[in-house]
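Everything below belongs to target-v5.cif, which stores mmCIF, C-alpha atoms.
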```
data_model
#
loop_
_atom_site.label_atom_id
_atom_site.label_comp_id
_atom_site.auth_asym_id
_atom_site.auth_seq_id
_atom_site.Cartn_x
_atom_site.Cartn_y
_atom_site.Cartn_z
CA MET A 1 0.00 0.00 0.00
CA LEU A 2 2.90 2.36 -0.73
CA ARG A 3 2.60 5.13 -3.31
CA PRO A 4 5.20 5.35 -6.08
CA LYS A 5 7.91 7.98 -6.09
CA TRP A 6 7.96 10.07 -9.28
CA TYR A 7 11.14 11.67 -10.60
CA ASN A 8 12.62 12.82 -13.90
CA ASP A 9 14.02 10.28 -16.37
CA GLN A 10 12.62 7.27 -14.52
CA TYR A 11 11.47 4.14 -16.31
CA LEU A 12 7.74 3.54 -15.88
CA TYR A 13 6.62 -0.05 -15.32
CA PRO A 14 3.12 -1.52 -14.93
CA GLU A 15 3.95 -2.06 -11.25
CA HIS A 16 4.16 1.70 -10.73
CA PHE A 17 0.53 2.07 -11.72
CA GLU A 18 -0.55 -1.09 -9.88
CA CYS A 19 0.93 0.34 -6.66
CA LEU A 20 -0.67 3.73 -7.32
CA THR A 21 -4.07 2.12 -7.96
CA GLU A 22 -3.84 0.03 -4.77
CA TYR A 23 -2.81 3.09 -2.76
CA LEU A 24 -5.71 5.22 -4.06
CA MET A 25 -8.26 2.46 -3.54
CA VAL A 26 -7.23 1.92 0.09
CA GLN A 27 -7.23 5.67 0.73
CA GLN A 28 -10.73 5.96 -0.71
CA LYS A 29 -11.99 2.90 1.17
CA PHE A 30 -10.97 4.15 4.61
CA GLY A 31 -11.75 7.77 3.84
CA ASN A 32 -15.30 7.10 2.69
CA ALA A 33 -15.93 4.68 5.55
CA SER A 34 -14.91 7.18 8.20
CA TYR A 35 -16.78 10.39 7.36
CA GLY A 36 -18.25 11.98 10.44
CA ILE A 37 -17.30 14.15 13.40
CA PRO A 38 -14.41 14.18 13.89
CA ASN A 39 -13.33 13.54 10.31
CA TYR A 40 -9.79 12.62 11.37
CA GLY A 41 -8.26 10.62 14.19
CA LEU A 42 -7.25 7.17 15.34
CA LEU A 43 -8.58 4.01 13.76
CA ASP A 44 -6.46 1.66 15.88
CA ILE A 45 -3.63 1.99 18.37
CA ARG A 46 -1.91 -0.64 20.52
CA TRP A 47 1.25 -0.58 22.61
CA SER A 48 3.31 -2.87 24.81
CA GLU A 49 2.33 -2.46 28.46
CA ALA A 50 5.36 -4.48 29.56
CA GLU A 51 7.79 -2.18 27.76
CA MET A 52 5.94 0.92 28.98
CA GLN A 53 6.60 -0.19 32.56
CA LEU A 54 10.30 -0.12 31.63
CA GLY A 55 9.91 3.39 30.28
CA ILE A 56 9.75 2.54 26.56
CA LEU A 57 6.74 3.55 24.48
CA LYS A 58 6.54 1.09 21.58
CA LEU A 59 3.47 0.95 19.35
CA SER A 60 2.56 -2.45 17.94
CA LYS A 61 -0.37 -1.05 15.92
CA LEU A 62 -1.21 2.41 14.68
CA SER A 63 -3.63 3.48 11.98
CA LEU A 64 -5.29 6.86 11.55
CA LEU A 65 -6.77 9.37 9.14
CA THR A 66 -5.19 12.81 8.81
CA TYR A 67 -7.06 16.11 8.33
CA GLN A 68 -6.64 15.65 4.58
CA GLY A 69 -8.18 12.16 4.72
CA GLU A 70 -4.87 10.34 4.18
CA TYR A 71 -4.81 6.82 5.64
CA ILE A 72 -1.67 6.06 7.66
CA ASP A 73 -0.86 2.56 8.91
CA ILE A 74 2.51 1.57 10.42
CA GLY A 75 1.98 -1.98 9.23
CA LYS A 76 1.48 -0.93 5.63
CA ASN A 77 2.67 2.51 4.55
CA ALA A 78 4.47 4.09 7.50
CA THR A 79 7.13 3.58 10.16
CA VAL A 80 7.18 4.88 13.72
CA ASN A 81 9.92 5.18 16.31
CA SER A 82 10.01 3.91 19.88
CA LEU A 83 10.24 6.64 22.53
CA ASP A 84 12.43 6.38 25.64
CA LEU A 85 10.29 7.98 28.34
CA ASN A 86 13.09 7.77 30.90
CA ASP A 87 14.87 10.61 29.09
CA ILE A 88 11.93 12.97 29.68
CA ASP A 89 11.96 14.67 33.08
CA LYS A 90 8.23 15.27 33.55
CA GLU A 91 5.58 13.84 35.87
CA ARG A 92 3.01 13.96 33.06
CA ILE A 93 4.14 13.53 29.47
CA SER A 94 1.98 14.54 26.51
CA ILE A 95 2.71 12.26 23.56
CA TYR A 96 2.41 13.66 20.03
CA LEU A 97 2.47 11.83 16.72
CA ASN A 98 4.22 13.89 14.04
CA LEU A 99 4.36 12.99 10.34
CA ILE A 100 7.75 14.40 9.47
CA GLY A 101 8.29 13.21 5.90
CA ASN A 102 8.84 10.01 3.98
CA GLU A 103 11.57 7.57 3.07
CA ASP A 104 12.32 5.64 -0.09
CA VAL A 105 11.47 1.95 -0.21
CA TYR A 106 12.79 -0.15 -3.09
CA GLN A 107 10.75 -2.99 -4.52
CA ASP A 108 11.96 -5.49 -7.09
CA THR A 109 9.55 -6.32 -9.91
CA GLU A 110 9.88 -8.49 -12.98
CA ASN A 111 10.53 -5.32 -14.99
CA GLY A 112 13.10 -3.83 -12.64
CA LYS A 113 13.38 -2.03 -9.34
CA ILE A 114 10.81 0.67 -8.49
CA THR A 115 10.94 3.29 -5.73
CA LEU A 116 7.98 3.70 -3.38
CA LEU A 117 7.38 6.12 -0.52
CA LYS A 118 6.79 5.21 3.13
CA GLU A 119 5.66 7.84 5.65
CA LYS A 120 7.88 8.55 8.67
CA ALA A 121 5.98 9.06 11.93
CA LEU A 122 7.77 10.43 14.97
CA LEU A 123 6.58 9.97 18.55
CA SER A 124 7.66 12.91 20.69
CA ASP A 125 6.76 14.85 23.82
CA ARG A 126 6.42 18.00 21.71
CA ILE A 127 4.95 19.25 18.46
CA ILE A 128 7.42 19.29 15.56
CA PRO A 129 6.62 22.58 13.72
CA SER A 130 7.76 21.30 10.31
CA SER A 131 5.45 18.25 10.45
CA LYS A 132 2.75 17.94 7.80
CA PHE A 133 0.41 16.46 10.44
CA THR A 134 0.52 16.41 14.24
CA MET A 135 -1.89 14.88 16.73
CA LYS A 136 -1.75 14.40 20.48
CA ILE A 137 -2.48 10.74 21.15
CA PHE A 138 -2.38 10.57 24.97
CA ASP A 139 -0.95 11.75 28.29
CA LEU A 140 1.30 9.47 30.32
CA ASP A 141 1.74 9.71 34.08
CA HIS A 142 5.01 8.75 35.75
CA LYS A 143 4.18 6.25 38.51
CA VAL A 144 5.96 6.10 41.86
CA ASP A 145 7.47 2.69 41.02
CA GLY A 146 9.10 4.15 37.92
CA GLY A 147 6.65 2.83 35.34
CA PHE A 148 4.16 4.78 33.26
CA LYS A 149 0.40 4.63 32.76
CA VAL A 150 -2.01 6.30 30.36
CA ASN A 151 -3.98 9.12 31.98
CA ASP A 152 -7.65 8.51 31.15
CA SER A 153 -8.62 12.19 31.39
CA PHE A 154 -7.64 12.66 27.73
CA ILE A 155 -8.74 10.57 24.75
CA ALA A 156 -7.45 11.48 21.31
CA PRO A 157 -9.86 12.13 18.40
CA SER A 158 -10.92 8.65 17.34
CA LEU A 159 -12.95 7.18 14.51
CA SER A 160 -13.18 3.79 16.24
CA ILE A 161 -13.46 2.46 19.78
CA ALA A 162 -11.45 -0.63 18.79
CA THR A 163 -8.30 0.82 20.30
CA GLN A 164 -6.34 0.16 23.47
CA CYS A 165 -7.29 3.66 24.66
CA PHE A 166 -10.88 2.49 25.06
CA ASP A 167 -10.11 -0.79 26.85
CA LYS A 168 -10.54 0.85 30.26
CA VAL A 169 -13.78 2.48 29.12
CA GLU A 170 -15.06 -0.94 28.11
CA GLN A 171 -14.08 -2.41 31.49
CA VAL A 172 -15.84 0.40 33.36
CA THR A 173 -18.95 -0.02 31.17
CA LYS A 174 -19.07 -3.75 31.91
CA LYS A 175 -18.77 -3.09 35.66
CA PHE A 176 -21.53 -0.48 35.44
CA ASN A 177 -23.83 -2.85 33.55
CA THR A 178 -23.18 -5.64 36.06
CA ARG A 179 -23.91 -3.31 38.99
CA ALA A 180 -27.03 -1.93 37.26
CA LYS A 181 -28.38 -5.46 36.76
CA ALA A 182 -27.68 -6.29 40.41
CA LEU A 183 -29.49 -3.14 41.57
CA PHE A 184 -32.43 -3.96 39.32
CA LYS A 185 -32.72 -7.43 40.86
CA GLU A 186 -32.50 -5.92 44.35
CA LYS A 187 -35.25 -3.44 43.48
CA ILE A 188 -37.52 -6.20 42.11
CA LEU A 189 -36.89 -8.25 45.25
CA LEU A 190 -37.74 -5.27 47.47
CA ILE A 191 -41.00 -4.67 45.57
CA HIS A 192 -41.95 -8.34 46.04
CA LEU A 193 -41.22 -8.11 49.76
CA LEU A 194 -43.32 -4.94 50.08
CA LEU A 195 -46.20 -6.63 48.26
CA ILE A 196 -46.01 -9.66 50.56
CA VAL A 197 -46.00 -7.37 53.63
CA ALA A 198 -48.96 -5.43 52.24
CA LEU A 199 -50.92 -8.63 51.59
CA LEU A 200 -50.17 -9.98 55.07
CA ASN A 201 -51.41 -6.73 56.62
CA TYR A 202 -54.55 -6.60 54.48
#
```

Encoded form using structure tokens:
Amino acid sequence: MLRPKWYNDQYLYPEHFECLTEYLMVQQKFGNASYGIPNYGLLDIRWSEAEMQLGILKLSKLSLLTYQGEYIDIGKNATVNSLDLNDIDKERISIYLNLIGNEDVYQDTENGKITLLKEKALLSDRIIPSSKFTMKIFDLDHKVDGGFKVNDSFIAPSLSIATQCFDKVEQVTKKFNTRAKALFKEKILLIHLLLIVALLNY
């Protein structure tokens, strides 16, 4: 799902246009499927909790739509760095995703080698002014034991709740539903008891 790189005096092969077609179709698919408010944001994000406790933020999944509707996926058309949180002397760290440019990727075809472009995403505790797109993805709190945890007071613009950010929300919702059902049963039981008392006193 990488787009071709165009430059002067290059040889054009069918694979150039096949890659371009695939890129445009995927962009259109995710763009059209995600119209709404907001019209940009996270589609999926996952990270290693074990490594975060060691002070390393490493994303295993990341996909999003930019303001322009461009689909970015670190498994398909982008790369992203790991961030050493131990080097940042803050109790609460705001994490920003910056799209800072692209890198050449070479692909061999039966007609020769073609050059494709892969987006470079940079995780940082600050906004990179020269980035073509920047989005805050979460706040991290430095725990007393030295590890880090996501602060749930901020949730990034999201086009899906199928992200690790919403796992805690899902857990809280399940607990709420369980408690609500228990209270409902208690209320029904109380009504039955009151009816029995009323009938006995009649």

>> Selection in question (the file shown): the PyMOL selection byres ((chain A and resi 89-104) around 8). Which residues does it include, as a ChimeraX atom specification?
In response: /A:5,86-88,105-106,115-128,130-142

How would the residues just picked look written out with C-alpha atoms as a PDB file, keeping the file's coordinate frame?
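File selection-v8.pdb, as written:
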```pdb
ATOM      1  CA  LYS A   5       7.910   7.980  -6.090  1.00  0.00           C
ATOM      2  CA  ASN A  86      13.090   7.770  30.900  1.00  0.00           C
ATOM      3  CA  ASP A  87      14.870  10.610  29.090  1.00  0.00           C
ATOM      4  CA  ILE A  88      11.930  12.970  29.680  1.00  0.00           C
ATOM      5  CA  VAL A 105      11.470   1.950  -0.210  1.00  0.00           C
ATOM      6  CA  TYR A 106      12.790  -0.150  -3.090  1.00  0.00           C
ATOM      7  CA  THR A 115      10.940   3.290  -5.730  1.00  0.00           C
ATOM      8  CA  LEU A 116       7.980   3.700  -3.380  1.00  0.00           C
ATOM      9  CA  LEU A 117       7.380   6.120  -0.520  1.00  0.00           C
ATOM     10  CA  LYS A 118       6.790   5.210   3.130  1.00  0.00           C
ATOM     11  CA  GLU A 119       5.660   7.840   5.650  1.00  0.00           C
ATOM     12  CA  LYS A 120       7.880   8.550   8.670  1.00  0.00           C
ATOM     13  CA  ALA A 121       5.980   9.060  11.930  1.00  0.00           C
ATOM     14  CA  LEU A 122       7.770  10.430  14.970  1.00  0.00           C
ATOM     15  CA  LEU A 123       6.580   9.970  18.550  1.00  0.00           C
ATOM     16  CA  SER A 124       7.660  12.910  20.690  1.00  0.00           C
ATOM     17  CA  ASP A 125       6.760  14.850  23.820  1.00  0.00           C
ATOM     18  CA  ARG A 126       6.420  18.000  21.710  1.00  0.00           C
ATOM     19  CA  ILE A 127       4.950  19.250  18.460  1.00  0.00           C
ATOM     20  CA  ILE A 128       7.420  19.290  15.560  1.00  0.00           C
ATOM     21  CA  SER A 130       7.760  21.300  10.310  1.00  0.00           C
ATOM     22  CA  SER A 131       5.450  18.250  10.450  1.00  0.00           C
ATOM     23  CA  LYS A 132       2.750  17.940   7.800  1.00  0.00           C
ATOM     24  CA  PHE A 133       0.410  16.460  10.440  1.00  0.00           C
ATOM     25  CA  THR A 134       0.520  16.410  14.240  1.00  0.00           C
ATOM     26  CA  MET A 135      -1.890  14.880  16.730  1.00  0.00           C
ATOM     27  CA  LYS A 136      -1.750  14.400  20.480  1.00  0.00           C
ATOM     28  CA  ILE A 137      -2.480  10.740  21.150  1.00  0.00           C
ATOM     29  CA  PHE A 138      -2.380  10.570  24.970  1.00  0.00           C
ATOM     30  CA  ASP A 139      -0.950  11.750  28.290  1.00  0.00           C
ATOM     31  CA  LEU A 140       1.300   9.470  30.320  1.00  0.00           C
ATOM     32  CA  ASP A 141       1.740   9.710  34.080  1.00  0.00           C
ATOM     33  CA  HIS A 142       5.010   8.750  35.750  1.00  0.00           C
TER      34      HIS A 142
END
```

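Summary of the local environment: counting only C-alpha atoms, residues at most 9 Å from A:Glu49, other than itself and those fewer than 4 positions away along its chain, are Gln53, Leu54, Leu57, Lys58, Phe148 and Lys149 of chain A.
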
>> Given the PyMOL selection byres ((chain A and resi 40) around 8) and the file above, list the residues it selects as a ChimeraX atom specification.
In response: /A:37-39,41-42,64-67,69,157-159

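Each of A:Asp9, A:Asp84, A:Glu15, A:Glu70 was compared to A:Gly112 using only C-alpha atoms, and A:Glu15 turns out to be the nearest.
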
> If you measure from atom CA of A:Tyr71 to atom CA of A:Phe30, what distance in Å do you get, rounded to one decimal?
Replying inline: 6.8 Å

> What does the distance from atom CA of A:Gln10 to atom CA of A:Ile114 come to in Å, to one decimal?
Replying inline: 9.1 Å

> Just how far from atom CA of A:Gln68 is atom CA of A:Pro129, in Å to one decimal?
Replying inline: 17.5 Å

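Restricting the calculation to all atoms listed in the file, the smallest distance between A:Glu110 and any of A:His16, A:Arg46, A:Arg3, A:Lys185 is found for A:His16.
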
>> Could you tell me, as a VMD selection string, exactly which residues end up selected when the PyMOL selection byres ((chain A and resi 44) around 6) is applied to this structure?
In response: chain A and resid 42 to 43 45 62 to 63 163

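Of the residues listed (A:Ser82, A:Gln28, A:Thr21, A:Asn201), A:Ser82 shows the shortest atom-to-atom separation from A:Ser48; distances use all atoms listed in the file.
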